[in-house]
file query-v3.cif (mmCIF, C-alpha atoms (C1' of nucleotides))
data_run
loop_
_atom_site.label_atom_id
_atom_site.label_comp_id
_atom_site.auth_asym_id
_atom_site.auth_seq_id
_atom_site.Cartn_x
_atom_site.Cartn_y
_atom_site.Cartn_z
CA MET A 1087 0.00 0.00 0.00
CA THR A 1088 3.05 2.23 -0.01
CA LYS A 1089 4.34 2.52 -3.53
CA PRO A 1090 1.33 3.85 -5.41
CA ASP A 1091 -0.09 5.32 -2.23
CA LYS A 1092 2.33 8.23 -1.83
CA ARG A 1093 2.44 8.89 -5.52
CA GLN A 1094 -1.32 9.00 -5.52
CA GLU A 1095 -1.38 11.50 -2.66
CA ILE A 1096 1.14 13.72 -4.40
CA VAL A 1097 -0.87 13.69 -7.59
CA ARG A 1098 -4.05 14.49 -5.75
CA ALA A 1099 -2.51 17.34 -3.78
CA ALA A 1100 -0.86 18.78 -6.87
CA LEU A 1101 -4.11 18.62 -8.81
CA ASP A 1102 -6.02 20.37 -6.04
CA LEU A 1103 -3.48 23.10 -5.59
CA PHE A 1104 -2.74 23.74 -9.24
CA ALA A 1105 -6.43 23.84 -10.04
CA GLU A 1106 -7.28 26.14 -7.16
CA GLN A 1107 -4.28 28.42 -7.09
CA GLY A 1108 -2.74 28.12 -10.51
CA PHE A 1109 0.74 26.83 -11.17
CA HIS A 1110 2.22 29.76 -9.35
CA GLY A 1111 0.23 29.53 -6.18
CA ALA A 1112 1.48 26.02 -5.61
CA PRO A 1113 5.10 25.68 -4.50
CA MET A 1114 6.51 22.21 -4.09
CA ALA A 1115 6.66 22.59 -0.32
CA LEU A 1116 2.93 23.23 -0.21
CA ILE A 1117 2.17 20.27 -2.41
CA ALA A 1118 4.28 18.11 -0.15
CA GLU A 1119 2.51 19.34 2.94
CA ARG A 1120 -0.93 18.85 1.40
CA ALA A 1121 0.07 15.35 0.35
CA GLY A 1122 1.33 14.58 3.86
CA VAL A 1123 4.77 13.87 2.52
CA GLY A 1124 8.28 15.26 2.82
CA ALA A 1125 9.36 17.75 0.21
CA GLY A 1126 12.10 15.47 -1.00
CA THR A 1127 9.74 12.55 -1.46
CA ILE A 1128 8.09 14.17 -4.44
CA TYR A 1129 11.38 13.81 -6.25
CA ARG A 1130 11.35 10.08 -5.77
CA TYR A 1131 8.29 9.91 -7.96
CA PHE A 1132 8.76 12.86 -10.31
CA GLU A 1133 12.05 13.99 -11.67
CA ASN A 1134 11.14 17.65 -11.25
CA ARG A 1135 8.29 20.09 -11.14
CA ASP A 1136 7.78 20.28 -14.88
CA ILE A 1137 7.53 16.54 -15.17
CA LEU A 1138 5.01 16.41 -12.36
CA ILE A 1139 2.93 18.94 -14.24
CA GLN A 1140 3.13 16.97 -17.46
CA GLU A 1141 2.42 13.61 -15.86
CA LEU A 1142 -0.61 15.07 -14.18
CA TYR A 1143 -1.83 16.25 -17.54
CA LYS A 1144 -1.36 12.84 -19.09
CA GLU A 1145 -3.35 11.20 -16.32
CA LEU A 1146 -6.27 13.52 -16.80
CA GLU A 1147 -6.16 13.21 -20.54
CA ALA A 1148 -6.26 9.45 -20.29
CA GLU A 1149 -9.29 9.69 -18.04
CA ILE A 1150 -11.39 11.94 -20.19
CA THR A 1151 -11.74 9.84 -23.31
CA PRO A 1152 -13.46 6.89 -21.62
CA PHE A 1153 -15.77 9.29 -19.85
CA ILE A 1154 -16.78 10.98 -23.06
CA THR A 1155 -17.24 7.87 -25.12
CA ASP A 1156 -19.32 6.10 -22.49
CA GLY A 1157 -22.41 4.88 -24.31
CA TYR A 1158 -21.08 6.15 -27.63
CA SER A 1159 -21.72 4.27 -30.84
CA ASP A 1160 -19.81 5.26 -33.92
CA GLN A 1161 -22.58 3.73 -35.97
CA ALA A 1162 -25.15 6.31 -34.88
CA PRO A 1163 -26.08 9.17 -37.22
CA PHE A 1164 -23.71 12.09 -37.28
CA ARG A 1165 -25.86 14.58 -35.44
CA ALA A 1166 -26.59 12.14 -32.63
CA ARG A 1167 -22.91 11.42 -32.23
CA PHE A 1168 -22.05 15.10 -32.17
CA LEU A 1169 -24.64 15.79 -29.52
CA HIS A 1170 -23.51 12.83 -27.47
CA LEU A 1171 -19.83 13.76 -27.44
CA GLY A 1172 -20.50 17.44 -26.88
CA THR A 1173 -22.80 16.72 -23.97
CA ARG A 1174 -20.46 14.25 -22.35
CA PHE A 1175 -17.57 16.66 -22.74
CA LEU A 1176 -19.42 19.48 -21.08
CA ARG A 1177 -20.60 17.18 -18.33
CA TYR A 1178 -17.07 16.10 -17.65
CA CYS A 1179 -15.98 19.70 -17.29
CA ILE A 1180 -18.62 20.53 -14.73
CA GLU A 1181 -18.57 17.24 -12.86
CA TYR A 1182 -14.82 17.43 -12.37
CA PRO A 1183 -14.22 21.11 -11.94
CA LEU A 1184 -10.76 20.61 -10.52
CA HIS A 1185 -9.72 18.51 -13.46
CA PHE A 1186 -11.20 21.04 -15.82
CA ARG A 1187 -9.43 23.92 -14.17
CA TYR A 1188 -6.19 22.04 -14.28
CA LEU A 1189 -6.58 21.27 -17.96
CA GLU A 1190 -7.27 24.92 -18.67
CA GLN A 1191 -4.22 26.03 -16.73
CA PHE A 1192 -2.16 23.64 -18.72
CA HIS A 1193 -3.51 24.65 -22.08
CA ASN A 1194 -2.99 28.33 -21.36
CA SER A 1195 0.62 27.81 -20.38
CA PRO A 1196 3.74 27.34 -22.47
CA TYR A 1197 3.38 23.60 -21.85
CA GLY A 1198 0.05 23.64 -23.58
CA VAL A 1199 1.21 25.36 -26.72
CA ALA A 1200 4.17 23.04 -27.13
CA TYR A 1201 1.92 20.09 -26.52
CA ARG A 1202 -0.63 21.25 -29.01
CA ARG A 1203 2.00 21.79 -31.67
CA ASP A 1204 3.30 18.28 -31.22
CA LYS A 1205 -0.19 16.94 -31.49
CA LEU A 1206 -1.00 18.68 -34.73
CA LEU A 1207 2.23 17.54 -36.33
CA GLY A 1208 2.37 13.91 -35.36
CA LYS A 1209 -1.39 13.68 -35.17
CA GLU A 1210 -1.74 10.63 -33.01
CA GLY A 1211 -3.58 9.89 -29.79
CA GLN A 1212 -5.38 13.11 -28.89
CA CYS A 1213 -9.12 13.58 -28.51
CA ASN A 1214 -9.23 11.87 -31.86
CA VAL A 1215 -12.76 10.80 -31.24
CA PHE A 1216 -13.52 14.36 -32.23
CA THR A 1217 -11.04 14.49 -35.06
CA GLU A 1218 -12.56 11.36 -36.49
CA LEU A 1219 -16.08 12.66 -36.02
CA PHE A 1220 -15.38 15.94 -37.74
CA GLU A 1221 -13.58 14.33 -40.63
CA GLN A 1222 -16.56 12.10 -41.27
CA GLY A 1223 -18.85 15.08 -40.98
CA CYS A 1224 -16.86 16.87 -43.65
CA ALA A 1225 -16.85 13.83 -45.92
CA GLN A 1226 -20.62 13.41 -45.56
CA GLN A 1227 -21.10 17.13 -46.14
CA VAL A 1228 -23.26 17.51 -43.08
CA VAL A 1229 -20.98 20.13 -41.54
CA LYS A 1230 -19.75 23.39 -43.00
CA ASP A 1231 -16.67 23.24 -45.15
CA PHE A 1232 -14.15 24.46 -42.59
CA PRO A 1233 -10.70 23.24 -41.61
CA LEU A 1234 -10.57 21.04 -38.56
CA PRO A 1235 -9.30 23.68 -36.11
CA MET A 1236 -12.24 25.88 -37.03
CA LEU A 1237 -14.76 23.16 -36.31
CA CYS A 1238 -13.04 22.50 -33.00
CA ALA A 1239 -13.20 26.19 -32.18
CA LEU A 1240 -16.92 26.32 -32.88
CA LEU A 1241 -17.55 23.47 -30.49
CA PHE A 1242 -14.93 23.76 -27.79
CA GLY A 1243 -14.76 27.52 -27.72
CA PRO A 1244 -18.26 27.91 -26.32
CA LEU A 1245 -18.10 24.77 -24.18
CA LEU A 1246 -14.96 25.77 -22.36
CA SER A 1247 -16.19 29.29 -21.88
CA VAL A 1248 -19.50 28.12 -20.52
CA ALA A 1249 -17.91 25.54 -18.24
CA ARG A 1250 -15.63 28.23 -16.83
CA ASP A 1251 -18.58 30.50 -16.18
CA HIS A 1252 -20.49 27.72 -14.51
CA ILE A 1253 -17.63 26.86 -12.20
CA LEU A 1254 -17.04 30.51 -11.31
CA GLY A 1255 -20.75 30.90 -10.61
CA PHE A 1256 -21.49 33.35 -13.40
CA LEU A 1257 -23.92 30.94 -15.00
CA GLN A 1258 -26.09 28.04 -13.89
CA LEU A 1259 -25.89 24.98 -16.12
CA ASP A 1260 -28.66 22.44 -15.54
CA ASP A 1261 -29.49 19.48 -17.77
CA SER A 1262 -31.74 21.45 -20.03
CA MET A 1263 -29.26 24.27 -20.42
CA ILE A 1264 -26.50 21.82 -21.29
CA GLU A 1265 -28.66 20.31 -23.99
CA ARG A 1266 -29.54 23.69 -25.44
CA THR A 1267 -25.88 24.71 -25.41
CA ILE A 1268 -24.84 21.73 -27.49
CA GLU A 1269 -27.74 22.33 -29.86
CA ALA A 1270 -26.53 25.88 -30.38
CA CYS A 1271 -23.06 24.60 -31.21
CA TRP A 1272 -24.64 22.20 -33.62
CA ASP A 1273 -26.34 25.12 -35.35
CA ALA A 1274 -22.93 26.71 -35.73
CA ILE A 1275 -21.26 23.79 -37.45
CA LYS A 1276 -24.10 22.14 -39.38
CA ARG A 1277 -24.18 22.95 -43.05
CA MET B 98 9.69 64.72 -24.59
CA THR B 99 11.14 63.00 -21.56
CA LYS B 100 8.24 62.36 -19.23
CA PRO B 101 5.95 60.21 -21.32
CA ASP B 102 8.86 58.92 -23.35
CA LYS B 103 10.29 56.55 -20.77
CA ARG B 104 6.92 55.47 -19.57
CA GLN B 105 5.99 54.70 -23.12
CA GLU B 106 9.09 52.62 -23.63
CA ILE B 107 8.42 50.67 -20.47
CA VAL B 108 4.86 49.95 -21.50
CA ARG B 109 5.95 48.84 -24.95
CA ALA B 110 8.66 46.56 -23.62
CA ALA B 111 6.36 45.06 -21.03
CA LEU B 112 3.67 44.41 -23.60
CA ASP B 113 6.12 42.70 -25.95
CA LEU B 114 7.65 40.55 -23.28
CA PHE B 115 4.45 39.59 -21.50
CA ALA B 116 2.79 38.75 -24.79
CA GLU B 117 5.70 36.71 -26.07
CA GLN B 118 6.91 35.01 -22.92
CA GLY B 119 3.99 35.12 -20.56
CA PHE B 120 3.97 36.91 -17.24
CA HIS B 121 6.58 34.55 -15.93
CA GLY B 122 9.09 34.81 -18.69
CA ALA B 123 9.39 38.54 -18.12
CA PRO B 124 11.28 39.62 -15.00
CA MET B 125 11.42 43.32 -14.26
CA ALA B 126 15.12 43.42 -15.09
CA LEU B 127 14.41 42.17 -18.60
CA ILE B 128 11.62 44.65 -19.12
CA ALA B 129 13.95 47.42 -18.02
CA GLU B 130 16.66 46.26 -20.38
CA ARG B 131 14.27 45.97 -23.31
CA ALA B 132 12.96 49.45 -22.55
CA GLY B 133 16.48 50.84 -22.40
CA VAL B 134 15.93 52.00 -18.85
CA GLY B 135 17.33 51.34 -15.42
CA ALA B 136 15.57 48.74 -13.34
CA GLY B 137 14.65 51.28 -10.71
CA THR B 138 13.12 53.60 -13.25
CA ILE B 139 10.13 51.36 -13.77
CA TYR B 140 9.17 52.03 -10.17
CA ARG B 141 9.02 55.76 -10.79
CA TYR B 142 6.14 55.14 -13.16
CA PHE B 143 4.50 52.05 -11.69
CA GLU B 144 4.21 51.32 -8.03
CA ASN B 145 5.00 47.66 -8.55
CA ARG B 146 4.80 44.79 -10.97
CA ASP B 147 1.13 44.05 -10.40
CA ILE B 148 0.18 47.60 -11.06
CA LEU B 149 2.22 47.66 -14.24
CA ILE B 150 0.31 44.58 -15.39
CA GLN B 151 -3.03 46.15 -14.58
CA GLU B 152 -2.25 49.52 -16.14
CA LEU B 153 -1.17 47.78 -19.29
CA TYR B 154 -4.49 45.98 -19.38
CA LYS B 155 -6.43 49.20 -18.97
CA GLU B 156 -4.57 50.81 -21.84
CA LEU B 157 -5.37 47.96 -24.18
CA GLU B 158 -8.96 47.80 -23.08
CA ALA B 159 -9.41 51.48 -23.76
CA GLU B 160 -8.03 50.99 -27.22
CA ILE B 161 -10.22 48.12 -28.33
CA THR B 162 -13.66 49.70 -28.09
CA PRO B 163 -12.99 52.51 -30.58
CA PHE B 164 -11.47 50.00 -32.96
CA ILE B 165 -14.48 47.73 -32.80
CA THR B 166 -17.10 50.41 -33.07
CA ASP B 167 -15.43 52.11 -36.01
CA GLY B 168 -18.16 52.52 -38.64
CA TYR B 169 -20.76 51.05 -36.31
CA SER B 170 -24.31 52.32 -36.29
CA ASP B 171 -26.59 51.28 -33.48
CA GLN B 172 -29.51 51.99 -35.75
CA ALA B 173 -28.67 49.19 -38.16
CA PRO B 174 -30.61 45.91 -38.06
CA PHE B 175 -29.58 43.47 -35.39
CA ARG B 176 -27.92 40.91 -37.61
CA ALA B 177 -25.83 43.54 -39.40
CA ARG B 178 -24.67 44.95 -36.09
CA PHE B 179 -23.77 41.52 -34.82
CA LEU B 180 -21.74 40.76 -37.92
CA HIS B 181 -20.05 44.13 -37.76
CA LEU B 182 -18.95 43.88 -34.17
CA GLY B 183 -17.93 40.25 -34.47
CA THR B 184 -15.85 40.93 -37.53
CA ARG B 185 -14.15 43.96 -36.07
CA PHE B 186 -13.40 42.09 -32.90
CA LEU B 187 -11.77 39.23 -34.72
CA ARG B 188 -9.85 41.64 -36.91
CA TYR B 189 -8.53 43.41 -33.88
CA CYS B 190 -7.26 40.13 -32.46
CA ILE B 191 -5.35 39.20 -35.55
CA GLU B 192 -4.11 42.66 -36.45
CA TYR B 193 -2.68 43.21 -32.99
CA PRO B 194 -1.46 39.78 -32.06
CA LEU B 195 0.69 41.07 -29.21
CA HIS B 196 -2.23 42.90 -27.69
CA PHE B 197 -4.41 39.88 -28.14
CA ARG B 198 -1.89 37.58 -26.50
CA TYR B 199 -1.52 39.97 -23.63
CA LEU B 200 -5.24 40.19 -23.10
CA GLU B 201 -5.50 36.42 -23.09
CA GLN B 202 -2.71 36.12 -20.55
CA PHE B 203 -4.48 38.55 -18.38
CA HIS B 204 -7.86 36.89 -18.59
CA ASN B 205 -6.43 33.49 -17.81
CA SER B 206 -4.68 34.75 -14.72
CA PRO B 207 -5.97 35.48 -11.25
CA TYR B 208 -6.12 39.16 -12.23
CA GLY B 209 -8.58 38.31 -14.96
CA VAL B 210 -11.01 36.42 -12.78
CA ALA B 211 -11.05 39.13 -10.14
CA TYR B 212 -11.53 41.72 -12.84
CA ARG B 213 -14.36 39.79 -14.45
CA ARG B 214 -16.14 39.36 -11.17
CA ASP B 215 -16.00 43.07 -10.51
CA LYS B 216 -17.34 43.74 -13.95
CA LEU B 217 -20.32 41.44 -13.62
CA LEU B 218 -21.26 42.90 -10.27
CA GLY B 219 -20.92 46.62 -10.89
CA LYS B 220 -21.66 46.14 -14.56
CA GLU B 221 -20.21 49.31 -15.91
CA GLY B 222 -17.70 50.09 -18.61
CA GLN B 223 -16.74 46.75 -20.19
CA CYS B 224 -17.34 45.68 -23.77
CA ASN B 225 -20.83 46.93 -23.12
CA VAL B 226 -21.34 47.47 -26.80
CA PHE B 227 -21.84 43.74 -26.78
CA THR B 228 -23.89 43.68 -23.62
CA GLU B 229 -26.20 46.24 -25.10
CA LEU B 230 -26.39 44.43 -28.40
CA PHE B 231 -27.26 41.12 -26.83
CA GLU B 232 -29.85 42.62 -24.55
CA GLN B 233 -31.61 44.18 -27.50
CA GLY B 234 -31.39 40.91 -29.37
CA CYS B 235 -33.11 39.14 -26.50
CA ALA B 236 -35.81 41.79 -26.28
CA GLN B 237 -36.49 41.60 -30.02
CA GLN B 238 -36.48 37.81 -29.82
CA VAL B 239 -34.04 37.48 -32.67
CA VAL B 240 -31.53 35.54 -30.58
CA LYS B 241 -32.05 32.36 -28.60
CA ASP B 242 -33.37 32.78 -25.09
CA PHE B 243 -30.10 32.38 -23.21
CA PRO B 244 -28.53 34.30 -20.34
CA LEU B 245 -25.98 36.89 -21.36
CA PRO B 246 -22.86 34.88 -20.46
CA MET B 247 -24.08 32.09 -22.71
CA LEU B 248 -24.48 34.40 -25.68
CA CYS B 249 -21.03 35.80 -25.04
CA ALA B 250 -19.64 32.28 -24.90
CA LEU B 251 -21.20 31.40 -28.25
CA LEU B 252 -19.57 34.39 -29.88
CA PHE B 253 -16.29 34.95 -28.06
CA GLY B 254 -15.53 31.31 -27.41
CA PRO B 255 -14.98 30.51 -31.07
CA LEU B 256 -13.47 33.88 -31.93
CA LEU B 257 -10.79 33.72 -29.28
CA SER B 258 -10.01 30.14 -30.11
CA VAL B 259 -9.73 30.88 -33.80
CA ALA B 260 -7.62 33.98 -33.27
CA ARG B 261 -5.24 31.95 -31.11
CA ASP B 262 -4.97 29.29 -33.79
CA HIS B 263 -4.34 31.89 -36.43
CA ILE B 264 -1.57 33.54 -34.47
CA LEU B 265 0.06 30.23 -33.66
CA GLY B 266 -0.13 29.29 -37.30
CA PHE B 267 -2.54 26.40 -36.91
CA LEU B 268 -5.09 28.08 -39.12
CA GLN B 269 -5.06 30.67 -41.90
CA LEU B 270 -7.69 33.40 -41.53
CA ASP B 271 -8.27 35.44 -44.66
CA ASP B 272 -11.13 37.86 -45.24
CA SER B 273 -13.49 35.23 -46.51
CA MET B 274 -12.72 32.88 -43.65
CA ILE B 275 -13.31 35.64 -41.13
CA GLU B 276 -16.68 36.36 -42.65
CA ARG B 277 -17.68 32.71 -42.62
CA THR B 278 -16.56 32.39 -39.01
CA ILE B 279 -18.81 35.19 -37.86
CA GLU B 280 -21.68 33.77 -39.89
CA ALA B 281 -21.24 30.45 -38.13
CA CYS B 282 -21.41 32.21 -34.76
CA TRP B 283 -24.53 33.94 -35.95
CA ASP B 284 -26.08 30.55 -36.70
CA ALA B 285 -25.33 29.56 -33.13
CA ILE B 286 -27.08 32.47 -31.48
CA LYS B 287 -29.89 33.31 -33.87
CA ARG B 288 -33.26 32.01 -32.85
"C1'" DA C 145 21.55 -6.24 8.56
"C1'" DA C 146 21.27 -4.42 4.07
"C1'" DA C 147 18.62 -1.78 0.97
"C1'" DA C 148 15.14 1.34 -0.12
"C1'" DA C 149 12.24 5.04 1.07
"C1'" DT C 150 11.34 9.23 3.63
"C1'" DG C 151 11.56 13.79 5.78
"C1'" DG C 152 12.96 18.18 6.07
"C1'" DA C 153 16.87 21.26 6.83
"C1'" DA C 154 20.31 23.29 3.82
"C1'" DT C 155 21.58 25.23 -0.59
"C1'" DG C 156 21.70 28.21 -4.32
"C1'" DA C 157 19.39 30.58 -8.02
"C1'" DA C 158 16.01 33.81 -9.55
"C1'" DC C 159 13.64 37.79 -8.73
"C1'" DA C 160 11.02 42.05 -7.08
"C1'" DT C 161 11.99 45.94 -4.79
"C1'" DT C 162 14.83 49.50 -2.44
"C1'" DC C 163 17.97 53.25 -1.81
"C1'" DA C 164 22.13 55.91 -1.86
"C1'" DC C 165 24.02 58.08 -5.36
"C1'" DT C 166 24.64 60.55 -10.13
"C1'" DC C 167 23.33 63.52 -13.71
"C1'" DT C 168 20.65 67.16 -15.86
"C1'" DA C 169 18.26 71.14 -16.19
"C1'" DT C 170 16.06 74.77 -14.01
"C1'" DT C 171 16.19 78.53 -10.72
"C1'" DC C 172 18.56 81.87 -8.07
"C1'" DA C 173 22.22 85.22 -6.57
"C1'" DT C 174 25.61 88.10 -7.98
"C1'" DA D 413 25.43 86.83 -18.07
"C1'" DT D 414 27.83 83.66 -15.11
"C1'" DG D 415 28.34 80.61 -11.62
"C1'" DA D 416 26.24 78.29 -7.54
"C1'" DA D 417 22.37 75.88 -5.59
"C1'" DT D 418 18.37 72.91 -5.87
"C1'" DA D 419 15.11 69.56 -7.44
"C1'" DG D 420 14.02 65.52 -8.93
"C1'" DA D 421 14.40 61.97 -12.66
"C1'" DG D 422 17.28 58.12 -13.49
"C1'" DT D 423 20.31 54.29 -12.11
"C1'" DG D 424 21.83 49.65 -10.82
"C1'" DA D 425 24.19 47.32 -7.05
"C1'" DA D 426 22.59 45.51 -2.76
"C1'" DT D 427 18.88 43.33 -0.11
"C1'" DG D 428 15.64 40.15 1.30
"C1'" DT D 429 12.43 36.74 -0.10
"C1'" DT D 430 10.66 32.87 -2.35
"C1'" DC D 431 11.25 28.78 -4.23
"C1'" DA D 432 12.96 24.24 -6.63
"C1'" DT D 433 16.10 20.96 -5.78
"C1'" DT D 434 19.67 18.34 -3.13
"C1'" DC D 435 21.58 15.79 0.58
"C1'" DC D 436 21.97 12.91 4.27
"C1'" DA D 437 20.36 11.39 8.86
"C1'" DT D 438 16.55 8.56 10.16
"C1'" DT D 439 12.96 5.18 9.48
"C1'" DT D 440 10.83 1.38 7.18
"C1'" DT D 441 10.94 -2.67 4.40
"C1'" DT D 442 13.06 -6.88 2.88
#
call {"tool": "encode", "arguments": {"input": "query-v3.cif", "output": "structure tokens"}}
result
Amino acid sequence: MTKPDKRQEIVRAALDLFAEQGFHGAPMALIAERAGVGAGTIYRYFENRDILIQELYKELEAEITPFITDGYSDQAPFRARFLHLGTRFLRYCIEYPLHFRYLEQFHNSPYGVAYRRDKLLGKEGQCNVFTELFEQGCAQQVVKDFPLPMLCALLFGPLLSVARDHILGFLQLDDSMIERTIEACWDAIKR
Amino acid sequence: MTKPDKRQEIVRAALDLFAEQGFHGAPMALIAERAGVGAGTIYRYFENRDILIQELYKELEAEITPFITDGYSDQAPFRARFLHLGTRFLRYCIEYPLHFRYLEQFHNSPYGVAYRRDKLLGKEGQCNVFTELFEQGCAQQVVKDFPLPMLCALLFGPLLSVARDHILGFLQLDDSMIERTIEACWDAIKR
DNA sequence: AAAAATGGAATGAACATTCACTCTATTCAT
DNA sequence: ATGAATAGAGTGAATGTTCATTCCATTTTT
């Protein structure tokens, strides 16, 4: 119960602190304290701060795809699939606000840009459920004739913004509102 | 020619560095060097780093509204006004990439959240061209029945995302693409 | 009793901010 | 008009603080 136990605590503490305070409100000493661990112990599990930050990102990324594709059938009609993925994505953001906030931090940092660039070049892995979906949509001519990043912007732009507002309390997202949000995004991308 | 000269240089250097490197890649010493000024001099014009960051934001904010409302008539039909403002906004982002990157930095930082909260409470100033526009749209029932933050999300979400992609080179925004982008946002909000 | 893991004090680097001093130009006295 | 005095902008080395990271004495596991 020791090996993964401490690592787990460190990851949890780091996630909490980074999400709540941002990367710069979370010194290693604080993470250690929050994890109930000595400062040096972190370095047994993570080579340095940057690597901790990146590992954390990878863990969250690995977690999100299963959540989103739960109950997803790639045989369903395009619109249904779009609504499904969009809804699940937004739900993930508001059900795991700490994860969401962490992901946002990451994306808006130098790490995120570098990461994104790598992704677009060697286009492997990623949220390729969406990539796949949009490419099919283009092929079937059910979505507007836009490059992929544009389609992503039209979906994720609003969703991230709305999730942020919900978490900060500027907006109340209930089931019905979530549904209407995704429908509005659909209006934006449908041909 | 001395008084505003140095201040101007400091502001310019800070904008460049913050936009290019993020708040954390820009120590005061570097800003001073880039401005051709002694490190202490910055403190003659700005009480401290935080205040420099905030003043810079205010300057940019003051600059954007005139740019956006250039050629704008609040008598025009709703759709035309929406397209006008959306287009101008996006143009601003891509014509002044440094300003845009700075504004993004700011919004994604603790400063930004605090600022936003203040704005929503004592709702004065802000991009209230948009606030006004959306409120009229609701009243005239030409836009979907959504709270204001949702309408903002459906417009600014995609625009910011797309501007970012353009600046980072992930996407090429020419005149026609800009127009089509705003039209897609219109599809999202129109009733 | 090794070996591995842990804690946390110690270290050193990076930085924001300060302050004693310099330099310039404006005012004042002659 | 000339030189002395003053004000205050400008400077950057020195200071103090905040961290990430290291190191090793101690504890735990094998």
call {"tool": "resolve_selection", "arguments": {"input": "query-v3.cif", "expression": "the PyMOL selection byres ((chain B) within 8 of (chain D))", "output": "PyMOL selection string"}}
result
chain B and resi 135-138
call {"tool": "atom_distance", "arguments": {"input": "query-v3.cif", "atom1": "CA of Cys235 in chain B", "atom2": "CA of Ala1166 in chain A"}}
result
28.4 Å
call {"tool": "closest_atom_pairs", "arguments": {"input": "query-v3.cif", "of": "chain B", "to": "chain C", "cutoff": "12 Å", "atoms": "all atoms listed in the file", "output": "JSON lines"}}
result
{"residue": "B:Thr99", "atom": "CA", "partner": "C:DT168", "partner_atom": "C1'", "distance": 11.8}
{"residue": "B:His121", "atom": "CA", "partner": "C:DC159", "partner_atom": "C1'", "distance": 10.6}
{"residue": "B:Gly122", "atom": "CA", "partner": "C:DC159", "partner_atom": "C1'", "distance": 11.3}
{"residue": "B:Ala123", "atom": "CA", "partner": "C:DC159", "partner_atom": "C1'", "distance": 10.3}
{"residue": "B:Pro124", "atom": "CA", "partner": "C:DC159", "partner_atom": "C1'", "distance": 6.9}
{"residue": "B:Met125", "atom": "CA", "partner": "C:DA160", "partner_atom": "C1'", "distance": 7.3}
{"residue": "B:Ala126", "atom": "CA", "partner": "C:DC159", "partner_atom": "C1'", "distance": 8.6}
{"residue": "B:Leu127", "atom": "CA", "partner": "C:DC159", "partner_atom": "C1'", "distance": 10.8}
{"residue": "B:Ala136", "atom": "CA", "partner": "C:DT161", "partner_atom": "C1'", "distance": 9.7}
{"residue": "B:Gly137", "atom": "CA", "partner": "C:DT161", "partner_atom": "C1'", "distance": 8.4}
{"residue": "B:Thr138", "atom": "CA", "partner": "C:DT161", "partner_atom": "C1'", "distance": 11.5}
{"residue": "B:Ile139", "atom": "CA", "partner": "C:DT161", "partner_atom": "C1'", "distance": 10.7}
{"residue": "B:Tyr140", "atom": "CA", "partner": "C:DT161", "partner_atom": "C1'", "distance": 8.6}
{"residue": "B:Arg141", "atom": "CA", "partner": "C:DT161", "partner_atom": "C1'", "distance": 11.9}
{"residue": "B:Phe143", "atom": "CA", "partner": "C:DT161", "partner_atom": "C1'", "distance": 11.9}
{"residue": "B:Glu144", "atom": "CA", "partner": "C:DT161", "partner_atom": "C1'", "distance": 10.0}
{"residue": "B:Asn145", "atom": "CA", "partner": "C:DT161", "partner_atom": "C1'", "distance": 8.1}
{"residue": "B:Arg146", "atom": "CA", "partner": "C:DA160", "partner_atom": "C1'", "distance": 7.8}
{"residue": "B:Asp147", "atom": "CA", "partner": "C:DA160", "partner_atom": "C1'", "distance": 10.6}
call {"tool": "closest_residue", "arguments": {"input": "query-v3.cif", "among": "A:Leu1237, A:Leu1245, A:Leu1219, A:Ala1121", "to": "Leu268 in chain B", "atoms": "all atoms listed in the file"}}
result
A:Leu1237
call {"tool": "closest_residue", "arguments": {"input": "query-v3.cif", "among": "B:Glu280, B:Asp215, B:Glu229, B:Asp271", "to": "chain A", "atoms": "all atoms listed in the file"}}
result
B:Glu280
call {"tool": "axis_aligned_box", "arguments": {"input": "query-v3.cif", "around": "range 156-174 of chain C", "padding_each_side": "6 Å", "output": "AutoDock Vina command-line options"}}
result
--center_x 18.3 --center_y 58.2 --center_z -9.0 --size_x 26.6 --size_y 71.9 --size_z 26.4
call {"tool": "atom_distance", "arguments": {"input": "query-v3.cif", "atom1": "CA of Phe1256 in chain A", "atom2": "CA of Leu149 in chain B"}}
result
27.7 Å
call {"tool": "closest_atom_pairs", "arguments": {"input": "query-v3.cif", "of": "chain B", "to": "chain A", "cutoff": "7 Å", "atoms": "all atoms listed in the file", "output": "JSON lines"}}
result
{"residue": "B:Pro246", "atom": "CA", "partner": "A:Leu1257", "partner_atom": "CA", "distance": 6.8}
{"residue": "B:Met247", "atom": "CA", "partner": "A:Val1248", "partner_atom": "CA", "distance": 6.4}
{"residue": "B:Ala250", "atom": "CA", "partner": "A:Pro1244", "partner_atom": "CA", "distance": 4.8}
{"residue": "B:Leu251", "atom": "CA", "partner": "A:Pro1244", "partner_atom": "CA", "distance": 5.0}
{"residue": "B:Gly254", "atom": "CA", "partner": "A:Gly1243", "partner_atom": "CA", "distance": 3.9}
{"residue": "B:Pro255", "atom": "CA", "partner": "A:Gly1243", "partner_atom": "CA", "distance": 4.5}
{"residue": "B:Ser258", "atom": "CA", "partner": "A:Ala1239", "partner_atom": "CA", "distance": 5.5}
{"residue": "B:Val259", "atom": "CA", "partner": "A:Ala1239", "partner_atom": "CA", "distance": 6.1}
{"residue": "B:Leu268", "atom": "CA", "partner": "A:Pro1235", "partner_atom": "CA", "distance": 6.8}
{"residue": "B:Ala281", "atom": "CA", "partner": "A:Ala1274", "partner_atom": "CA", "distance": 4.8}
{"residue": "B:Cys282", "atom": "CA", "partner": "A:Ala1274", "partner_atom": "CA", "distance": 5.8}
{"residue": "B:Asp284", "atom": "CA", "partner": "A:Ala1274", "partner_atom": "CA", "distance": 5.1}
{"residue": "B:Ala285", "atom": "CA", "partner": "A:Ala1274", "partner_atom": "CA", "distance": 4.5}
{"residue": "B:Ile286", "atom": "CA", "partner": "A:Ala1270", "partner_atom": "CA", "distance": 6.7}
